[in-house]
Each structure stands twice: as structure tokens, then as C-alpha cells.
>>> print(open('model24.cif').read())   # mmCIF, C-alpha atoms
data_my_file
loop_
_atom_site.label_atom_id
_atom_site.label_comp_id
_atom_site.auth_asym_id
_atom_site.auth_seq_id
_atom_site.Cartn_x
_atom_site.Cartn_y
_atom_site.Cartn_z
CA MET A 281 20.36 -63.17 24.56
CA ILE A 282 22.40 -62.20 21.51
CA ASP A 283 24.00 -65.65 21.42
CA LYS A 284 20.53 -67.15 21.55
CA LEU A 285 19.40 -64.98 18.65
CA LYS A 286 22.47 -65.91 16.60
CA LYS A 287 21.62 -69.57 17.09
CA MET A 288 18.03 -68.87 16.11
CA LEU A 289 19.15 -67.22 12.86
CA GLN A 290 21.45 -70.13 12.08
CA ASN A 291 18.55 -72.54 12.61
CA LEU A 292 16.29 -70.51 10.33
CA GLU A 293 18.94 -70.36 7.61
CA LYS A 294 19.38 -74.14 7.81
CA GLN A 295 15.64 -74.59 7.59
CA LYS A 296 15.49 -72.35 4.55
CA GLN A 297 18.27 -74.32 2.82
CA TYR A 298 16.41 -77.55 3.59
CA TYR A 299 13.39 -76.21 1.71
CA LEU A 300 15.54 -74.82 -1.12
CA ASP A 301 17.00 -78.29 -1.61
CA ASN A 302 13.72 -80.20 -1.35
CA LEU A 303 11.12 -77.96 -3.00
CA PHE A 304 13.17 -78.31 -6.22
CA PRO A 305 13.90 -81.65 -7.94
CA ALA A 306 17.00 -83.64 -7.01
CA GLU A 307 19.54 -84.54 -9.72
CA GLY A 308 17.92 -86.77 -12.33
CA LYS A 309 14.37 -86.19 -11.02
CA ASP A 310 11.50 -84.23 -12.56
CA ILE A 311 9.47 -83.70 -9.39
CA PRO A 312 10.64 -82.42 -5.99
CA LYS A 313 10.77 -84.42 -2.77
CA LEU A 314 8.56 -81.88 -0.99
CA ARG A 315 5.51 -80.51 -2.73
CA PHE A 316 2.32 -78.60 -2.11
CA LYS A 317 -0.48 -81.14 -2.30
CA GLU A 318 -2.45 -79.39 -5.08
CA PHE A 319 0.34 -79.88 -7.64
CA LYS A 320 0.82 -83.20 -9.47
CA GLU A 321 2.36 -82.38 -12.88
CA LYS A 322 5.95 -83.25 -13.72
CA TRP A 323 8.33 -80.33 -14.03
CA LYS A 324 9.58 -79.55 -17.54
CA LYS A 325 13.25 -79.64 -18.51
CA ASN A 326 14.67 -76.44 -19.96
CA LEU A 327 17.88 -74.45 -20.30
CA LEU A 328 18.54 -71.43 -18.13
CA GLY A 329 19.19 -69.52 -21.35
CA ASN A 330 15.67 -70.30 -22.56
CA ILE A 331 13.78 -69.18 -19.45
CA ALA A 332 15.47 -65.78 -19.16
CA VAL A 333 17.33 -63.04 -21.02
CA TRP A 334 20.85 -62.54 -19.61
CA ASN A 335 22.61 -59.17 -19.87
CA ASN A 336 25.56 -57.42 -18.24
CA GLY A 337 25.51 -54.08 -16.47
CA ASN A 338 27.68 -51.05 -17.36
CA ASN A 339 30.68 -49.62 -15.64
CA PHE A 340 30.43 -46.91 -13.05
CA SER A 341 32.51 -46.47 -9.92
CA LYS A 342 31.31 -47.26 -6.42
CA ASP A 343 32.54 -43.76 -5.58
CA ASP A 344 29.82 -42.39 -7.89
CA LEU A 345 27.08 -43.69 -5.59
CA LEU A 346 25.26 -41.12 -3.47
CA PRO A 347 22.57 -41.43 -0.77
CA SER A 348 20.28 -39.28 -2.94
CA GLY A 349 20.26 -38.21 -6.56
CA PHE A 350 18.62 -38.64 -9.95
CA TYR A 351 19.02 -42.32 -10.85
CA PRO A 352 18.67 -45.34 -8.54
CA ALA A 353 21.82 -47.44 -9.02
CA ILE A 354 23.58 -50.52 -7.69
CA HIS A 355 27.23 -51.64 -7.58
CA TYR A 356 28.06 -55.35 -7.61
CA SER A 357 29.71 -55.28 -4.16
CA GLU A 358 26.40 -54.22 -2.60
CA LEU A 359 24.83 -57.55 -3.59
CA TYR A 360 27.17 -59.16 -1.05
CA THR A 361 27.00 -56.60 1.73
CA LYS A 362 23.78 -54.60 1.58
CA TYR A 363 20.97 -56.80 0.30
CA HIS A 364 19.67 -60.17 1.45
CA GLY A 365 17.91 -61.36 -1.69
CA TYR A 366 15.63 -58.35 -2.24
CA ILE A 367 16.34 -54.84 -3.54
CA HIS A 368 13.83 -52.40 -2.06
CA LYS A 369 15.96 -49.26 -2.00
CA THR A 370 19.27 -48.21 -3.56
CA ASN A 371 21.83 -45.46 -3.65
CA TYR A 372 21.89 -43.08 -6.62
CA ILE A 373 24.10 -41.71 -9.37
CA ASN A 374 23.65 -38.31 -11.02
CA LEU A 375 25.36 -38.98 -14.36
CA LEU A 376 24.65 -42.06 -16.48
CA PRO A 377 27.49 -43.72 -18.41
CA LYS A 378 26.96 -44.10 -22.15
CA ASN A 379 24.62 -46.97 -23.07
CA GLN A 380 23.75 -47.57 -19.42
CA LYS A 381 21.97 -50.88 -18.74
CA PHE A 382 18.97 -51.01 -16.42
CA ALA A 383 17.15 -53.64 -14.43
CA HIS A 384 13.41 -53.46 -13.89
CA LYS A 385 11.00 -54.67 -11.26
CA GLY A 386 10.94 -58.47 -11.19
CA ASP A 387 14.42 -58.91 -12.66
CA THR A 388 17.06 -60.90 -10.80
CA LEU A 389 20.56 -59.52 -10.29
CA LEU A 390 23.54 -61.84 -9.85
CA PRO A 391 27.10 -60.70 -9.10
CA LYS A 392 29.52 -61.82 -11.79
CA THR A 393 32.78 -61.27 -9.90
CA THR A 394 34.00 -62.16 -6.42
CA THR A 395 37.25 -62.02 -4.48
CA SER A 396 36.18 -64.84 -2.14
CA GLY A 397 38.20 -67.34 -4.18
CA THR A 398 35.29 -69.71 -4.86
CA GLY A 399 32.56 -69.81 -7.47
CA TRP A 400 30.04 -70.67 -4.76
CA GLY A 401 30.49 -67.20 -3.29
CA LEU A 402 29.19 -65.67 -6.53
CA ILE A 403 25.71 -67.13 -6.18
CA GLU A 404 24.01 -64.26 -4.33
CA PRO A 405 20.93 -63.43 -6.42
CA SER A 406 18.59 -60.57 -5.51
CA THR A 407 15.16 -59.69 -6.88
CA VAL A 408 14.55 -56.10 -7.99
CA LEU A 409 11.45 -54.76 -6.24
CA ILE A 410 11.63 -51.15 -7.42
CA LYS A 411 10.69 -49.78 -10.83
CA LYS A 412 14.10 -49.25 -12.47
CA ILE A 413 17.78 -49.40 -11.45
CA ALA A 414 20.99 -48.46 -13.24
CA VAL A 415 23.18 -51.57 -12.96
CA GLY A 416 26.96 -51.46 -12.64
CA SER A 417 29.45 -53.76 -14.32
CA ASP A 418 30.15 -57.23 -12.92
CA ILE A 419 26.42 -57.72 -12.40
CA ILE A 420 24.31 -60.07 -14.51
CA ILE A 421 20.78 -58.82 -15.22
CA ILE A 422 18.38 -61.75 -15.58
CA SER A 423 14.94 -60.99 -17.02
CA SER A 424 12.86 -64.16 -16.85
CA ASN A 425 9.35 -65.30 -17.71
CA THR A 426 9.10 -67.17 -14.41
CA GLY A 427 7.07 -65.95 -11.45
CA ILE A 428 8.59 -63.08 -9.44
CA ASN A 429 11.20 -64.35 -6.93
CA PHE A 430 11.08 -67.92 -8.32
CA LEU A 431 14.34 -67.55 -10.26
CA ASN A 432 15.99 -66.03 -7.17
CA PHE A 433 15.20 -69.20 -5.21
CA LEU A 434 15.90 -71.58 -8.09
CA LEU A 435 19.46 -70.23 -8.32
CA ARG A 436 19.96 -70.84 -4.59
CA ASN A 437 19.10 -74.54 -4.82
CA SER A 438 22.31 -76.46 -4.00
CA ILE A 439 22.35 -78.52 -7.22
CA LEU A 440 21.94 -75.55 -9.54
CA ARG A 441 24.17 -73.38 -7.39
CA ASN A 442 27.01 -75.90 -7.74
CA LYS A 443 26.54 -76.09 -11.51
CA ILE A 444 26.64 -72.31 -11.85
CA ALA A 445 29.63 -72.05 -9.52
CA SER A 446 31.50 -74.59 -11.65
CA THR A 447 31.52 -72.10 -14.56
CA ALA A 448 33.62 -69.63 -12.57
CA THR A 449 37.19 -69.05 -13.68
CA GLY A 450 39.98 -66.81 -12.49
CA ALA A 451 43.23 -66.55 -10.60
CA THR A 452 44.68 -64.90 -7.48
CA GLY A 453 41.34 -65.14 -5.67
CA ILE A 454 39.30 -63.20 -8.27
CA MET A 455 36.60 -65.35 -9.86
CA HIS A 456 34.25 -64.58 -12.74
CA LEU A 457 31.09 -66.41 -13.82
CA ASN A 458 30.82 -67.55 -17.44
CA VAL A 459 27.37 -66.45 -18.61
CA LYS A 460 27.59 -68.39 -21.89
CA GLN A 461 28.08 -71.64 -19.98
CA ILE A 462 25.39 -70.79 -17.42
CA LYS A 463 22.81 -70.36 -20.19
CA ASN A 464 23.45 -73.95 -21.29
CA ILE A 465 22.77 -75.44 -17.84
CA GLU A 466 19.67 -77.65 -17.74
CA THR A 467 17.06 -77.26 -15.03
CA PHE A 468 13.43 -78.19 -14.39
CA ILE A 469 10.59 -75.65 -14.21
CA PRO A 470 7.04 -76.17 -12.87
CA THR A 471 3.82 -74.43 -13.85
CA ILE A 472 3.56 -70.71 -13.11
CA GLU A 473 1.07 -71.48 -10.32
CA GLU A 474 3.54 -73.77 -8.57
CA GLN A 475 6.36 -71.27 -9.12
CA GLU A 476 4.33 -68.59 -7.38
CA LYS A 477 3.43 -70.87 -4.46
CA ILE A 478 7.05 -71.90 -3.90
CA ALA A 479 8.28 -68.31 -4.13
CA LYS A 480 5.61 -67.05 -1.73
CA PHE A 481 6.43 -69.78 0.80
CA LEU A 482 10.19 -69.17 0.72
CA ALA A 483 9.70 -65.40 0.80
CA LYS A 484 7.73 -65.83 4.03
CA ILE A 485 10.68 -67.63 5.59
CA ASP A 486 12.95 -64.83 4.35
CA GLY A 487 10.65 -62.33 6.05
CA ILE A 488 11.07 -64.11 9.38
CA ILE A 489 14.85 -64.27 8.92
CA GLU A 490 15.02 -60.56 8.08
CA ARG A 491 12.94 -59.72 11.15
CA GLU A 492 15.30 -61.65 13.39
CA ARG A 493 18.36 -60.17 11.68
CA ASP A 494 17.01 -56.70 12.41
CA ALA A 495 16.34 -57.69 16.00
CA LYS A 496 19.93 -58.87 16.40
CA ASN A 497 21.36 -55.74 14.79
CA ASN A 498 19.18 -53.34 16.73
CA TYR A 499 18.98 -55.22 20.06
CA GLN A 500 15.20 -55.11 19.94
CA THR A 501 14.41 -57.02 23.11
CA LYS A 502 10.67 -57.27 22.49
CA THR A 503 11.16 -58.86 19.06
CA ILE A 504 13.83 -61.20 20.41
CA LEU A 505 11.54 -62.41 23.17
CA SER A 506 8.57 -62.80 20.84
CA TRP A 507 10.47 -65.31 18.66
CA SER A 508 12.85 -66.80 21.23
CA PHE A 509 11.04 -70.15 21.25
CA ILE A 510 12.36 -70.88 17.75
CA SER A 511 15.90 -71.34 19.03
CA GLU A 512 14.73 -74.18 21.26
CA ARG A 513 13.47 -76.15 18.27
CA LYS A 514 15.46 -78.28 15.83
CA TRP A 515 16.08 -76.58 12.49
CA ASN A 516 14.24 -79.35 10.62
CA ASN A 517 11.16 -79.02 12.82
CA PRO A 518 9.62 -76.38 10.55
CA ILE A 519 7.93 -73.28 11.89
CA ILE A 520 6.06 -73.10 8.57
CA SER A 521 4.49 -76.25 7.22
CA ILE A 522 3.96 -76.68 3.48
CA GLN A 523 0.84 -78.71 4.29
CA LYS A 524 -0.73 -75.74 6.06
CA PHE A 525 0.62 -72.95 3.85
#
>>> encode(input="model24.cif", output="C-alpha cells")
Amino acid sequence: MIDKLKKMLQNLEKQKQYYLDNLFPAEGKDIPKLRFKEFKEKWKKNLLGNIAVWNNGNNFSKDDLLPSGFYPAIHYSELYTKYHGYIHKTNYINLLPKNQKFAHKGDTLLPKTTTSGTGWGLIEPSTVLIKKIAVGSDIIIISSNTGINFLNFLLRNSILRNKIASTATGATGIMHLNVKQIKNIETFIPTIEEQEKIAKFLAKIDGIIERERDAKNNYQTKTILSWSFISERKWNNPIISIQKF
């Protein structure tokens, strides 16, 4: 059963990536291949630096993090290991470094450093869903005027992800993103209404994936059985249709 659930999760992740790559315009295009029927306008070209304010976090040690305390806080390594695109709850620190930087609800956090050896591994954005978080160094705080979660998904689109990854530099397996270069990357942005519809749709898929991930981790037989039919379907035979969403 666990093998079946692993396959199911892989299928769902492939389906999600299919939507991430087709609900956003292909290279050289100003409308996406897949679209909700109510939207007709062309997307508008802009720079990532114009649609958001980009800041860096401050330094505090991972050893400073506690399960409870005064200030919710996040270390860059947790964006790889603890969160799956959404920050609902954090650890804490009791003492704030001087000039501590914070992220607020709706901001997107992006790790700036990785030891994976590739720039691609850096593109793990997460949306802040709590009021205020102290942000550690090697995290980029992105405060945008786009709809909540939209920037999170935009950054995961394969075209933009590759462009961002190409800014990474480093040696001996340690890579760092170049924020100045990222801000000069061109992208296309739809109306706020379309942003919200795309984000809501992709967040629903994320909810299903998270439910199945929990089932796998906790061996929840009832949940596994309730969704087991998904693993019998092809990944591009969508369980959520944009026409009916």
C-alpha cells in the first residue's frame, strides 16, 4: 500500500508541474496554453523587481530556534526540510539580533543558499500565512503586490525557475542566488482576478498532495483507501479540471 501511495504522490506532483508549466505563458508568449474560460486579456510584461520588494533576512543561528518562545522565526534550511510551500507555524527565538528583518502574512520566502550544487535546488518558495516572522540570513523576503500565493507559483514555473537558477554562483557545492540579477528578469503578469483564480486552483492541488503526504507519513489506512483510485489514473488525466473549477 505504501508503494501505491508513493506512486500516487509522484503522479500528483507531475500533474501539478503540468499545470505550473501551462497556466503560465510559454517563452515568447503573452497568454498561457491553459486558461480559465472567463479570462481573455493578454498578460502584461514586467520585471520581477517591479512587482515586488526584495530584501534579505538577518543572521541568527539554527541553534537559537526553540519549539516555543517570544518571536516566531525561520532558518533558511527549514524551507527545504520543514515546509512544502506554505508557512503556517514556526519555531521561535527569544532574543532578536540587531536590525532584525521580518516577513509578514502574504510575503514569499525564498532560500538564497543551497549545498545541493545546483541553482535549481534553490527555487523552493514558501508563502507566509502567519502574521509576522523573524527571518534568518540566506533567505530572500519578497513582498509583492500580486495576489497571495500567486508569486509562489509563478516562481515554480519551469521557465522562470530556470532563469532564476541561472543567476546562482558558487563553488564546492555551495550556491548563492544573485538578487540583483533576479530583479531584472522579465515575466508576464495577468490581472489580479486571474492571479487569484490560478493561485486558488494550484493551492487546491497542493492541499490534496499534502493530505496524501500525511497519509504516507502516518500510515493512515482510511485516507489511503479513500484516494487510492488516483494512482490508477495517468498523471495528465487531471483530478481537477480547470473547466469545472
>>> residues_around(input="model24.cif", residues="region 368-376 of chain A", least_positions_apart="3", cutoff="12 Å", atoms="all atoms listed in the file", output="number ranges by chain")
A: 338-355, 358-359, 362-365, 379-382, 384-386, 406-416
>>> resolve_selection(input="model24.cif", expression="the PyMOL selection byres ((chain A and resi 310) around 6)", output="list in words")
Pro305, Lys309, Ile311, Lys322 and Trp323 of chain A
>>> residues_around(input="model24.cif", residues="Ser423 (chain A)", least_positions_apart="3", cutoff="12 Å", atoms="all atoms listed in the file", output="number ranges by chain")
A: 328-336, 382-390, 407-408, 420, 426-432
>>> resolve_selection(input="model24.cif", expression="the PyMOL selection byres ((chain A and resi 434) around 10)", output="PyMOL selection string")
chain A and resi 300-301+303-304+405+429-433+435-441+467-469+475+478-479
>>> resolve_selection(input="model24.cif", expression="the PyMOL selection byres ((chain A and resi 445-455) around 12)", output="PyMOL selection string")
chain A and resi 390-404+418+435-444+456-465
>>> closest_residue(input="model24.cif", among="A:Ile419, A:Lys286, A:Leu482, A:Gly487", to="Tyr298 (chain A)", atoms="only C-alpha atoms")
A:Leu482
>>> atom_distance(input="model24.cif", atom1="CA of Glu466 (chain A)", atom2="CA of Lys325 (chain A)")
6.8 Å
>>> closest_residue(input="model24.cif", among="A:Leu285, A:Asn302, A:Ala483, A:Asn425", to="Arg315 (chain A)", atoms="all atoms listed in the file")
A:Asn302
>>> axis_aligned_box(input="model24.cif", around="region 345-359 of chain A", padding_each_side="5 Å", output="lines of an AutoDock Vina configuration file")
center_x = 24.2
center_y = -47.9
center_z = -5.8
size_x = 21.1
size_y = 29.3
size_z = 20.1
